[in-house]
Amino acid sequence: MDARRRTSSLRLGVGALICAALAACTSAPAERPLRLGTTFTVQQSGALALLDSLTPPDSLATVIAASGQILQSAARGDLGVALTHAPSLEERLLVAPGHVVERCPFVASRFAIVGPASDPAGITRATLAADALARIARAGATFISRGDSSGTNVKELALWRAAGVTPHGQRWYVEAGADQATTLHVTDERSGYALADLPTLARTPGLELRVLFDRDTALTNPYTLYVVRGPDSVRAAAFAAWAMTAWRNRLLQVKLPDGSAGFVKRSDECDVPSRVPSAKAAAPHHHRPAPQSPAAALFGTWQYHSGVARDTTRPSLNAGLQFALTFDSVAGRAAFGRVSRWFAGDVGALPGTFGRVVATVDSVGMATVVVPYARGNAELLQFVLELRFDTISILHGL
């Protein structure tokens with residue numbers, strides 16, 4: 001493969017800027033590589049190795065990170081193409097704000113819940129994935145979560161919600177904060193359970209983990225290729241058209257150890273998503289944000305859980321705080337909403353305790369949120385939030 005076709009890979013750390021990661025690419029404009037952002041799972045499943053064995057229509061610089069980080073980078077215009085597997089995040093961070101020129105349903109793999117052969121929680125007897133997780137929770141069996149903004153973590157959190165279980169803060173729930181392969185090794189060492197992408201599991205040697213549950217369509221792992229709006233859109237569209245045939249055809253030949261397909265085709269057609277979500281999808285009294293609004297990604301409901309806490313007599317930023325903020329309108333960098341749930345320690349507060357919530361997004365994507373008490377707005381809670389996948393994390397409280 002010649003130098004113009006060579007694919008380079010960079011791992012993106014939390015909070016790193018892709019522009020900085022690619023500072024070495026300073027050659028003439030014609031030589032500048034197309035920036036492809038994709039996930040650890042795409043790399044560790046062997047999908048990137050297949051791409052490297054082919055000849056794409058453009059030279060590539062491949063940036064690898066968790067889905068949430070890749071999508072945020074794409075939304076900032078740091079990527080030409082993004083391949084991720086976190087549908088709810090993709091809609092929130094890329095599609096709804098209007099950052100996508102073209103959306104291509106690419107392939108799908110399967111997730112499974114893996115664990116020790118002894119299966120102490122008895123999940124092989126489960127009927128649904130949510131039932132399997134509920135059994136793990138009831139048994140207090142060790143579960144290792146990736147605990148990052150990956151598509152795997154987003155899927156896992158959705159399954160916990162379906163099971164009616166809040167795992168955060170439980171002694172049996174461990175967040176590795178690592179990629180898929182590392183998380184599987186930690187799971188194996190601790191004889192725990194984890195959610196695993198099957199092609200990645202097949203390529204991770206030295207494990208005694210067993211596939212214990214995979215009989216649920218909720219465990220489908222869909223990958224979508226996005227052409228990002230920006231100066232490289234034409235080159236990115238050409239790459240996407242090539243990937244939907246040459247790269248995908250190679251992926252469809254991958255087999256798992258049991259002989260089943262590692263990846264299956266999703267669709268032959270790419271589409272151009274609407275820049276503004278349809279009015280039908282919104283409640284009548286809500287105002288959908290304009291796509292150019294920096295605060296558009298805040299629209300909707302955000303959950304926060306900080307874990308188990310000591311008792312407290314009033315809402316605070318101490319451990320144990322749980323709340324939901326629902327933003328129903330935005331203007332420029334500000335989003336406006338309400339508290340729809342608030343619980344601190346063993347004490348809950350009615351949503352009416354609080355006034356109108358205002359969140360202001362800064363230039364780097366952090367949001368300063370002000371939550372006033374309803375009684376005269378005399379007292380305020382103010383904190384800075386980091387927006388990650390389906391949850392928010394408090395960075396600083398005032």
# chains A, B, ... in the order shown; residues from 1 in each chain; ligands from 1

$ residues_around --residues "Gly46 of chain A" --least-positions-apart "2" --cutoff "8 Å" --atoms "only C-alpha atoms" --output "PyMOL selection string"
chain A and resi 42-44+48-50+199-200+203

$ write_last_selection --atoms "N, CA and C atoms" --output "PDB file, in the first residue's frame"
ATOM      1  N   VAL A  42     -14.965  -1.074  17.126  1.00  0.00           N
ATOM      2  CA  VAL A  42     -14.671  -1.268  15.702  1.00  0.00           C
ATOM      3  C   VAL A  42     -13.224  -1.726  15.525  1.00  0.00           C
ATOM      4  N   GLN A  43     -12.325  -1.139  16.302  1.00  0.00           N
ATOM      5  CA  GLN A  43     -10.915  -1.541  16.227  1.00  0.00           C
ATOM      6  C   GLN A  43     -10.721  -2.960  16.751  1.00  0.00           C
ATOM      7  N   GLN A  44     -11.244  -3.241  17.949  1.00  0.00           N
ATOM      8  CA  GLN A  44     -10.949  -4.513  18.609  1.00  0.00           C
ATOM      9  C   GLN A  44     -11.736  -5.683  18.040  1.00  0.00           C
ATOM     10  N   LEU A  48     -11.356  -2.633  11.693  1.00  0.00           N
ATOM     11  CA  LEU A  48     -10.364  -1.696  11.169  1.00  0.00           C
ATOM     12  C   LEU A  48      -9.224  -2.418  10.453  1.00  0.00           C
ATOM     13  N   ALA A  49      -8.875  -3.606  10.946  1.00  0.00           N
ATOM     14  CA  ALA A  49      -7.833  -4.377  10.273  1.00  0.00           C
ATOM     15  C   ALA A  49      -8.255  -4.714   8.845  1.00  0.00           C
ATOM     16  N   LEU A  50      -9.552  -5.005   8.658  1.00  0.00           N
ATOM     17  CA  LEU A  50     -10.044  -5.270   7.305  1.00  0.00           C
ATOM     18  C   LEU A  50      -9.969  -4.018   6.447  1.00  0.00           C
ATOM     19  N   PRO A 199     -18.043 -10.126  18.119  1.00  0.00           N
ATOM     20  CA  PRO A 199     -16.798 -10.157  17.325  1.00  0.00           C
ATOM     21  C   PRO A 199     -15.574  -9.747  18.140  1.00  0.00           C
ATOM     22  N   THR A 200     -15.737  -8.795  19.063  1.00  0.00           N
ATOM     23  CA  THR A 200     -14.614  -8.395  19.912  1.00  0.00           C
ATOM     24  C   THR A 200     -14.252  -9.511  20.879  1.00  0.00           C
ATOM     25  N   ARG A 203     -12.086 -12.106  19.393  1.00  0.00           N
ATOM     26  CA  ARG A 203     -10.706 -11.701  19.106  1.00  0.00           C
ATOM     27  C   ARG A 203      -9.930 -11.326  20.369  1.00  0.00           C
TER      28      ARG A 203
END

$ residues_around --residues "segment 111-113 of chain A" --least-positions-apart "3" --cutoff "6 Å" --atoms "only C-alpha atoms" --output "mmCIF file with N, CA and C atoms, in the first residue's frame"
data_model
loop_
_atom_site.group_PDB
_atom_site.id
_atom_site.type_symbol
_atom_site.label_atom_id
_atom_site.label_comp_id
_atom_site.auth_asym_id
_atom_site.auth_seq_id
_atom_site.Cartn_x
_atom_site.Cartn_y
_atom_site.Cartn_z
ATOM 1 N N ALA A 194 -20.426 -9.227 32.284
ATOM 2 C CA ALA A 194 -20.230 -8.008 31.494
ATOM 3 C C ALA A 194 -21.042 -8.122 30.210
ATOM 4 N N LEU A 195 -21.259 -6.973 29.584
ATOM 5 C CA LEU A 195 -21.855 -6.944 28.251
ATOM 6 C C LEU A 195 -20.718 -6.914 27.245
ATOM 7 N N ALA A 196 -20.753 -7.818 26.269
ATOM 8 C CA ALA A 196 -19.645 -7.937 25.317
ATOM 9 C C ALA A 196 -20.160 -7.958 23.889
ATOM 10 N N ASP A 197 -19.437 -7.291 23.006
ATOM 11 C CA ASP A 197 -19.663 -7.395 21.573
ATOM 12 C C ASP A 197 -19.043 -8.707 21.106
ATOM 13 N N LEU A 198 -19.827 -9.546 20.419
ATOM 14 C CA LEU A 198 -19.362 -10.895 20.104
ATOM 15 C C LEU A 198 -18.131 -10.938 19.188
ATOM 16 N N LEU A 212 -23.298 -16.428 28.096
ATOM 17 C CA LEU A 212 -24.358 -17.011 28.916
ATOM 18 C C LEU A 212 -25.758 -16.592 28.461
ATOM 19 N N PHE A 213 -25.851 -15.409 27.835
ATOM 20 C CA PHE A 213 -27.167 -14.987 27.342
ATOM 21 C C PHE A 213 -26.991 -14.106 26.114
ATOM 22 N N ASP A 214 -27.657 -14.491 25.018
ATOM 23 C CA ASP A 214 -27.649 -13.663 23.808
ATOM 24 C C ASP A 214 -28.958 -13.785 23.035
ATOM 25 N N LEU A 219 -30.280 -7.028 22.054
ATOM 26 C CA LEU A 219 -28.821 -7.119 22.072
ATOM 27 C C LEU A 219 -28.195 -6.854 20.698
#

$ atom_distance --atom1 "atom CA of Leu184 of chain A" --atom2 "atom CA of Asp216 of chain A"
20.8 Å

$ select_by_dssp --residues "segment 24-180 of chain A" --states "helix (DSSP H, G or I)" --output "ChimeraX atom specification"
/A:29-31,40-44,47-52,67-75,87-95,123-125,129-139,151-163,180

$ residues_around --residues "segment 101-103 of chain A" --least-positions-apart "6" --cutoff "6 Å" --atoms "only C-alpha atoms" --output "list in words"
Tyr226, Val227, Val228, Arg229, Cys270, Asp271 and Val272 of chain A

$ write_last_selection --atoms "N, CA and C atoms" --output "compact mmCIF listing (two decimals), in the first residue's frame"
# COMPACT_ATOMS: atom_id res chain seq x y z
N TYR A 226 -21.60 8.08 9.29
CA TYR A 226 -22.10 9.43 9.08
C TYR A 226 -21.11 10.26 8.27
N VAL A 227 -21.62 10.94 7.26
CA VAL A 227 -20.86 11.97 6.55
C VAL A 227 -21.13 13.28 7.26
N VAL A 228 -20.10 13.87 7.83
CA VAL A 228 -20.26 15.05 8.68
C VAL A 228 -20.25 16.32 7.83
N ARG A 229 -21.14 17.24 8.15
CA ARG A 229 -21.20 18.52 7.44
C ARG A 229 -19.91 19.30 7.64
N CYS A 270 -28.27 4.88 1.86
CA CYS A 270 -28.00 5.98 2.77
C CYS A 270 -29.14 6.99 2.64
N ASP A 271 -29.32 7.83 3.65
CA ASP A 271 -30.35 8.84 3.56
C ASP A 271 -29.80 10.18 4.04
N VAL A 272 -30.56 11.22 3.78
CA VAL A 272 -30.21 12.57 4.22
C VAL A 272 -31.17 12.91 5.35
